[in-house]
$ cat query34.csv   # CSV, C-alpha atoms
chain,number,residue,atom,x,y,z
A,1,MET,CA,96.4,63.0,108.8
A,2,ALA,CA,94.8,65.2,106.2
A,3,LYS,CA,94.1,63.9,102.7
A,4,HIS,CA,96.6,64.6,100.0
A,5,HIS,CA,95.9,67.5,97.7
A,6,PRO,CA,98.6,67.6,95.0
A,7,GLU,CA,96.8,70.6,93.4
A,8,LEU,CA,97.2,72.5,96.7
A,9,SER,CA,101.0,71.8,96.5
A,10,LEU,CA,101.1,73.2,92.9
A,11,LEU,CA,99.2,76.2,94.1
A,12,PHE,CA,101.4,77.0,97.1
A,13,HIS,CA,104.6,76.2,95.0
A,14,ALA,CA,103.4,78.8,92.5
A,15,LEU,CA,102.9,81.4,95.3
A,16,ALA,CA,106.4,80.7,96.8
A,17,ASP,CA,108.2,83.2,94.6
A,18,THR,CA,108.3,87.0,94.7
A,19,THR,CA,108.3,87.4,90.9
A,20,ARG,CA,105.3,85.1,90.5
A,21,ARG,CA,103.4,86.9,93.3
A,22,SER,CA,104.3,90.3,91.7
A,23,ILE,CA,102.9,89.1,88.4
A,24,LEU,CA,99.7,87.9,90.1
A,25,ALA,CA,99.3,91.3,91.9
A,26,ARG,CA,99.7,93.1,88.5
A,27,LEU,CA,97.1,90.7,86.9
A,28,ALA,CA,94.6,91.3,89.7
A,29,GLU,CA,94.3,94.8,88.3
A,30,GLY,CA,93.5,93.5,84.8
A,31,PRO,CA,94.8,91.3,81.9
A,32,ALA,CA,98.2,92.2,80.5
A,33,ARG,CA,100.5,91.2,77.7
A,34,VAL,CA,103.5,89.1,78.4
A,35,THR,CA,105.9,91.8,77.4
A,36,ASP,CA,104.2,94.3,79.7
A,37,LEU,CA,104.4,91.8,82.6
A,38,SER,CA,108.1,91.1,81.8
A,39,GLU,CA,109.3,94.8,81.8
A,40,PRO,CA,109.0,95.6,85.6
A,41,THR,CA,110.6,92.3,86.7
A,42,GLY,CA,113.9,93.2,85.0
A,43,LEU,CA,114.2,89.6,84.0
A,44,ARG,CA,114.8,88.1,80.6
A,45,LEU,CA,111.7,87.1,78.7
A,46,PRO,CA,112.4,83.3,78.8
A,47,THR,CA,112.7,83.5,82.6
A,48,VAL,CA,109.3,85.3,82.8
A,49,MET,CA,107.8,82.8,80.5
A,50,ARG,CA,108.9,80.0,82.9
A,51,HIS,CA,107.2,81.8,85.8
A,52,LEU,CA,104.1,82.2,83.7
A,53,SER,CA,104.1,78.5,83.0
A,54,VAL,CA,104.2,77.7,86.7
A,55,LEU,CA,101.3,80.0,87.3
A,56,GLU,CA,99.3,78.5,84.4
A,57,GLU,CA,100.0,74.9,85.6
A,58,ALA,CA,98.7,75.9,89.0
A,59,GLY,CA,95.5,77.2,87.3
A,60,LEU,CA,96.2,80.7,88.6
A,61,ILE,CA,96.3,82.4,85.2
A,62,ALA,CA,94.9,81.8,81.8
A,63,THR,CA,96.7,82.9,78.6
A,64,SER,CA,95.4,83.6,75.1
A,65,LYS,CA,97.3,84.4,71.9
A,66,ASP,CA,96.3,86.8,69.2
A,67,GLY,CA,98.8,86.7,66.4
A,68,ARG,CA,102.2,87.2,68.1
A,69,VAL,CA,100.7,88.8,71.2
A,70,ARG,CA,100.1,86.6,74.2
A,71,THR,CA,97.8,88.1,76.9
A,72,CYS,CA,97.5,86.8,80.5
A,73,ALA,CA,94.6,87.0,82.9
A,74,ILE,CA,94.2,86.0,86.5
A,75,VAL,CA,91.8,83.2,87.5
A,76,PRO,CA,90.9,84.5,91.0
A,77,ALA,CA,88.8,81.4,92.0
A,78,ALA,CA,92.1,79.4,91.8
A,79,LEU,CA,93.3,81.0,95.0
A,80,GLU,CA,90.3,79.7,97.0
A,81,PRO,CA,91.7,76.2,97.9
A,82,ALA,CA,94.7,78.0,99.5
A,83,ARG,CA,92.4,80.3,101.5
A,84,THR,CA,90.1,77.3,102.5
A,85,TRP,CA,93.1,75.3,103.7
A,86,LEU,CA,94.3,78.3,105.8
A,87,ASP,CA,90.8,78.8,107.2
A,88,GLU,CA,90.6,75.1,108.2
A,89,GLN,CA,93.9,75.2,110.1
A,90,ARG,CA,92.7,78.3,112.0
A,91,ALA,CA,89.3,76.6,112.8
A,92,VAL,CA,91.1,73.5,114.3
A,93,TRP,CA,93.5,75.7,116.2
A,94,GLU,CA,90.7,78.0,117.5
A,95,SER,CA,88.5,75.1,118.6
A,96,ARG,CA,91.6,73.7,120.5
A,97,LEU,CA,92.0,77.1,122.2
A,98,ASP,CA,88.3,77.0,123.1
A,99,ARG,CA,88.7,73.6,124.7
A,100,LEU,CA,91.7,74.8,126.7
A,101,GLU,CA,89.7,77.8,127.8
A,102,ALA,CA,86.8,75.7,128.9
A,103,PHE,CA,89.1,73.4,130.8
A,104,ALA,CA,90.8,76.4,132.5
A,105,ILE,CA,87.4,77.9,133.5
A,106,LYS,CA,86.2,74.5,134.9
A,107,ALA,CA,89.5,74.1,136.8
A,108,ALA,CA,89.2,77.6,138.3
A,109,LYS,CA,85.6,76.9,139.4
A,110,GLU,CA,86.6,73.6,141.0
A,111,ARG,CA,89.3,75.4,142.9
A,112,ALA,CA,86.8,78.1,144.1
A,113,LYS,CA,84.5,75.4,145.6
B,1,MET,CA,104.8,95.7,91.4
B,2,ALA,CA,104.4,94.5,95.0
B,3,LYS,CA,107.3,94.6,97.4
B,4,HIS,CA,109.4,91.5,97.9
B,5,HIS,CA,108.6,89.4,100.9
B,6,PRO,CA,111.2,86.6,101.0
B,7,GLU,CA,109.6,85.3,104.3
B,8,LEU,CA,106.3,84.9,102.4
B,9,SER,CA,108.2,82.7,99.8
B,10,LEU,CA,109.6,80.5,102.6
B,11,LEU,CA,106.1,80.2,104.1
B,12,PHE,CA,104.4,79.3,100.8
B,13,HIS,CA,107.3,76.9,100.0
B,14,ALA,CA,106.8,75.2,103.4
B,15,LEU,CA,103.0,74.8,102.6
B,16,ALA,CA,103.7,73.4,99.1
B,17,ASP,CA,104.1,69.7,100.3
B,18,THR,CA,101.4,67.3,101.4
B,19,THR,CA,103.5,65.7,104.1
B,20,ARG,CA,104.3,69.1,105.6
B,21,ARG,CA,100.6,70.2,105.5
B,22,SER,CA,99.7,66.9,107.2
B,23,ILE,CA,102.2,67.5,109.9
B,24,LEU,CA,100.8,71.1,110.4
B,25,ALA,CA,97.2,69.7,110.5
B,26,ARG,CA,98.3,67.2,113.2
B,27,LEU,CA,100.0,69.9,115.2
B,28,ALA,CA,97.0,72.2,115.0
B,29,GLU,CA,95.4,69.7,117.4
B,30,GLY,CA,98.3,70.0,119.9
B,31,PRO,CA,102.0,69.5,120.3
B,32,ALA,CA,103.5,66.1,119.4
B,33,ARG,CA,106.8,64.2,119.6
B,34,VAL,CA,108.8,63.8,116.4
B,35,THR,CA,108.4,60.0,116.6
B,36,ASP,CA,104.6,60.4,116.8
B,37,LEU,CA,104.5,62.8,113.9
B,38,SER,CA,106.7,60.5,111.8
B,39,GLU,CA,104.6,57.3,112.3
B,40,PRO,CA,101.5,58.2,110.1
B,41,THR,CA,103.6,59.6,107.3
B,42,GLY,CA,105.2,56.1,106.6
B,43,LEU,CA,108.4,58.0,105.9
B,44,ARG,CA,111.9,57.4,107.4
B,45,LEU,CA,112.8,59.6,110.4
B,46,PRO,CA,115.5,61.6,108.6
B,47,THR,CA,113.0,62.5,105.8
B,48,VAL,CA,110.5,63.7,108.4
B,49,MET,CA,113.2,65.6,110.2
B,50,ARG,CA,114.0,67.5,106.9
B,51,HIS,CA,110.3,68.4,106.5
B,52,LEU,CA,110.3,69.6,110.1
B,53,SER,CA,113.4,71.8,109.4
B,54,VAL,CA,111.6,73.4,106.5
B,55,LEU,CA,108.5,74.1,108.7
B,56,GLU,CA,110.8,75.5,111.5
B,57,GLU,CA,112.7,77.8,109.0
B,58,ALA,CA,109.4,79.2,107.8
B,59,GLY,CA,108.5,79.9,111.5
B,60,LEU,CA,105.5,77.6,111.3
B,61,ILE,CA,106.6,75.3,114.1
B,62,ALA,CA,108.8,75.5,117.2
B,63,THR,CA,110.6,72.5,118.7
B,64,SER,CA,112.0,71.8,122.1
B,65,LYS,CA,114.2,69.0,123.4
B,66,ASP,CA,113.8,67.2,126.7
B,67,GLY,CA,116.6,64.6,127.0
B,68,ARG,CA,116.3,62.5,123.8
B,69,VAL,CA,112.7,63.5,123.1
B,70,ARG,CA,112.0,66.4,120.7
B,71,THR,CA,108.5,67.9,120.8
B,72,CYS,CA,107.0,70.1,118.1
B,73,ALA,CA,104.3,72.8,118.4
B,74,ILE,CA,102.6,74.9,115.7
B,75,VAL,CA,103.1,78.7,115.7
B,76,PRO,CA,99.6,79.6,114.3
B,77,ALA,CA,100.4,83.3,113.9
B,78,ALA,CA,103.0,82.4,111.3
B,79,LEU,CA,100.2,81.6,108.9
B,80,GLU,CA,98.8,85.1,109.0
B,81,PRO,CA,101.1,86.7,106.3
B,82,ALA,CA,99.9,84.1,103.9
B,83,ARG,CA,96.3,84.8,104.7
B,84,THR,CA,96.9,88.6,104.5
B,85,TRP,CA,98.5,88.3,101.1
B,86,LEU,CA,95.5,86.2,99.8
B,87,ASP,CA,93.1,88.8,101.3
B,88,GLU,CA,95.0,91.6,99.5
B,89,GLN,CA,94.7,89.9,96.2
B,90,ARG,CA,91.0,89.3,96.6
B,91,ALA,CA,90.5,93.0,97.7
B,92,VAL,CA,92.3,94.3,94.5
B,93,TRP,CA,90.3,91.8,92.4
B,94,GLU,CA,86.9,92.7,93.9
B,95,SER,CA,87.5,96.5,93.6
B,96,ARG,CA,88.3,95.9,90.0
B,97,LEU,CA,85.0,94.0,89.6
B,98,ASP,CA,83.2,96.9,91.4
B,99,ARG,CA,84.7,99.4,88.9
B,100,LEU,CA,83.7,97.2,86.0
B,101,GLU,CA,80.2,96.9,87.4
B,102,ALA,CA,80.0,100.7,87.9
B,103,PHE,CA,81.1,101.2,84.4
B,104,ALA,CA,78.5,98.8,83.0
B,105,ILE,CA,75.7,100.5,85.0
B,106,LYS,CA,76.8,103.9,83.8
B,107,ALA,CA,77.0,102.7,80.2
B,108,ALA,CA,73.5,101.1,80.5
B,109,LYS,CA,72.0,104.3,81.9
B,110,GLU,CA,73.6,106.3,79.0
B,111,ARG,CA,72.1,103.9,76.5
B,112,ALA,CA,68.7,104.3,78.1
B,113,LYS,CA,68.8,108.2,77.8
$ encode --input "query34.csv" --output "structure tokens"
Amino acid sequence: MAKHHPELSLLFHALADTTRRSILARLAEGPARVTDLSEPTGLRLPTVMRHLSVLEEAGLIATSKDGRVRTCAIVPAALEPARTWLDEQRAVWESRLDRLEAFAIKAAKERAK
Amino acid sequence: MAKHHPELSLLFHALADTTRRSILARLAEGPARVTDLSEPTGLRLPTVMRHLSVLEEAGLIATSKDGRVRTCAIVPAALEPARTWLDEQRAVWESRLDRLEAFAIKAAKERAK
């Protein structure tokens, strides 16, 4: 069994919501104020703030406050553990397919003898 | 804002748990019986069954029953939408970095005139 990665759970949990993914997609284009992020969601500000908290806890965004204006920015490196995990699964799966293929080729050769 | 993808939410939700990721990592090596998957988790069978349901609802595993024995297999293609989404975010982010770099180079050249 693989090692436990609680931070990977936080990360995937943060990505498991359409509003949060929309916010990240917007922030990939550049930093934005909370009010600007809130507007296209059609959600109330406290709801958006909760989504931003989940993203911040997962390390996916950083926020800064200047007076009454809070600005959010994406932390792109934070997505890397998710990508790495998906790549690892694919590598295991593909090496298994390679082994199956090698076995099938060997079996076919033995039948041809 | 990006389009809504409820199936992507199901997928990331399924991945947001260490037990479920461990089960997927085990199944990447080949199909397994529910009892064999359950053993290394140290969890009770009903709990493991609930995790398997979440994985099956997200399309990440398929199960089949032969008499009293239920066998699970991974559906590797089901991970692709997650990978595609992560790749899209990186592409947007990198094109933004490229634009920033082009702007910095242009500004530096203008200063040098």
$ calpha_fit_and_write --input "query34.csv" --fixed "chain B" --moving "chain A" --output "compact mmCIF listing (two decimals) with C-alpha atoms, keeping the file's coordinate frame"
# COMPACT_ATOMS: atom_id res chain seq x y z
CA MET A 1 104.85 95.64 91.41
CA ALA A 2 104.46 94.45 94.96
CA LYS A 3 107.37 94.61 97.40
CA HIS A 4 109.46 91.54 97.89
CA HIS A 5 108.70 89.38 100.88
CA PRO A 6 111.27 86.56 101.05
CA GLU A 7 109.63 85.33 104.30
CA LEU A 8 106.34 84.93 102.39
CA SER A 9 108.22 82.70 99.85
CA LEU A 10 109.60 80.53 102.73
CA LEU A 11 106.13 80.30 104.11
CA PHE A 12 104.39 79.27 100.89
CA HIS A 13 107.37 76.89 100.02
CA ALA A 14 106.77 75.20 103.37
CA LEU A 15 103.02 74.80 102.61
CA ALA A 16 103.71 73.34 99.10
CA ASP A 17 104.01 69.76 100.28
CA THR A 18 101.36 67.27 101.40
CA THR A 19 103.52 65.75 104.16
CA ARG A 20 104.36 69.16 105.60
CA ARG A 21 100.68 70.24 105.49
CA SER A 22 99.67 66.89 107.13
CA ILE A 23 102.14 67.53 109.92
CA LEU A 24 100.80 71.07 110.41
CA ALA A 25 97.17 69.75 110.54
CA ARG A 26 98.24 67.18 113.23
CA LEU A 27 100.05 69.99 115.21
CA ALA A 28 97.00 72.25 115.09
CA GLU A 29 95.38 69.73 117.40
CA GLY A 30 98.26 69.96 119.90
CA PRO A 31 102.07 69.52 120.35
CA ALA A 32 103.49 66.13 119.42
CA ARG A 33 106.75 64.27 119.55
CA VAL A 34 108.76 63.79 116.44
CA THR A 35 108.35 60.07 116.48
CA ASP A 36 104.58 60.39 116.80
CA LEU A 37 104.51 62.83 113.85
CA SER A 38 106.75 60.47 111.79
CA GLU A 39 104.60 57.26 112.24
CA PRO A 40 101.51 58.21 110.07
CA THR A 41 103.62 59.61 107.19
CA GLY A 42 105.20 56.19 106.54
CA LEU A 43 108.42 57.98 105.85
CA ARG A 44 111.84 57.40 107.32
CA LEU A 45 112.70 59.55 110.30
CA PRO A 46 115.49 61.55 108.53
CA THR A 47 113.02 62.48 105.77
CA VAL A 48 110.51 63.72 108.42
CA MET A 49 113.20 65.60 110.15
CA ARG A 50 113.96 67.45 106.86
CA HIS A 51 110.29 68.42 106.54
CA LEU A 52 110.32 69.60 110.12
CA SER A 53 113.31 71.75 109.39
CA VAL A 54 111.52 73.43 106.50
CA LEU A 55 108.58 74.14 108.71
CA GLU A 56 110.80 75.52 111.51
CA GLU A 57 112.75 77.76 109.04
CA ALA A 58 109.44 79.14 107.86
CA GLY A 59 108.56 79.93 111.52
CA LEU A 60 105.55 77.63 111.33
CA ILE A 61 106.59 75.33 114.17
CA ALA A 62 108.72 75.55 117.22
CA THR A 63 110.62 72.53 118.64
CA SER A 64 111.94 71.81 122.12
CA LYS A 65 114.09 68.92 123.37
CA ASP A 66 113.83 67.16 126.67
CA GLY A 67 116.54 64.58 126.97
CA ARG A 68 116.24 62.48 123.77
CA VAL A 69 112.65 63.51 123.12
CA ARG A 70 112.04 66.34 120.71
CA THR A 71 108.50 67.86 120.82
CA CYS A 72 106.98 70.10 118.09
CA ALA A 73 104.33 72.76 118.37
CA ILE A 74 102.57 74.88 115.81
CA VAL A 75 103.05 78.67 115.74
CA PRO A 76 99.61 79.62 114.33
CA ALA A 77 100.39 83.39 113.97
CA ALA A 78 103.01 82.35 111.33
CA LEU A 79 100.26 81.56 108.87
CA GLU A 80 98.86 85.12 108.99
CA PRO A 81 101.17 86.72 106.31
CA ALA A 82 99.91 84.03 103.87
CA ARG A 83 96.26 84.79 104.73
CA THR A 84 96.92 88.64 104.53
CA TRP A 85 98.53 88.27 101.11
CA LEU A 86 95.52 86.21 99.88
CA ASP A 87 93.10 88.76 101.33
CA GLU A 88 94.94 91.61 99.54
CA GLN A 89 94.76 89.91 96.14
CA ARG A 90 91.00 89.37 96.62
CA ALA A 91 90.52 93.07 97.70
CA VAL A 92 92.30 94.33 94.48
CA TRP A 93 90.37 91.89 92.35
CA GLU A 94 87.01 92.77 94.01
CA SER A 95 87.56 96.52 93.71
CA ARG A 96 88.35 95.92 89.94
CA LEU A 97 85.05 94.02 89.63
CA ASP A 98 83.30 96.93 91.36
CA ARG A 99 84.75 99.38 88.87
CA LEU A 100 83.65 97.21 85.96
CA GLU A 101 80.20 97.01 87.47
CA ALA A 102 79.96 100.73 87.89
CA PHE A 103 81.10 101.26 84.34
CA ALA A 104 78.52 98.72 83.06
CA ILE A 105 75.70 100.43 85.05
CA LYS A 106 76.74 103.91 83.73
CA ALA A 107 76.90 102.53 80.16
CA ALA A 108 73.43 100.98 80.47
CA LYS A 109 71.99 104.27 81.80
CA GLU A 110 73.58 106.25 78.97
CA ARG A 111 72.03 103.86 76.51
CA ALA A 112 68.55 104.24 78.18
CA LYS A 113 68.68 108.06 77.73
$ residues_around --input "query34.csv" --residues "stretch 47-52 of chain A" --least-positions-apart "5" --cutoff "12 Å" --atoms "all atoms listed in the file" --output "PyMOL selection string"
chain A and resi 13-24+27+33-42+57-63+70-74
$ interface_residues --input "query34.csv" --of "chain B" --to "chain A" --cutoff "8 Å" --atoms "only C-alpha atoms" --output "number ranges by chain"
B: 1-6, 8-13, 15-18, 21-23, 25-26, 28-30, 40, 76, 79, 83, 86, 89-90, 92-93, 96
$ atom_distance --input "query34.csv" --atom1 "atom CA of B:Lys65" --atom2 "atom CA of B:Ser53"
14.3 Å
$ atom_distance --input "query34.csv" --atom1 "atom CA of A:Asp98" --atom2 "atom CA of B:Val75"
16.6 Å
$ atom_distance --input "query34.csv" --atom1 "atom CA of A:Pro31" --atom2 "atom CA of A:Ser64"
10.3 Å
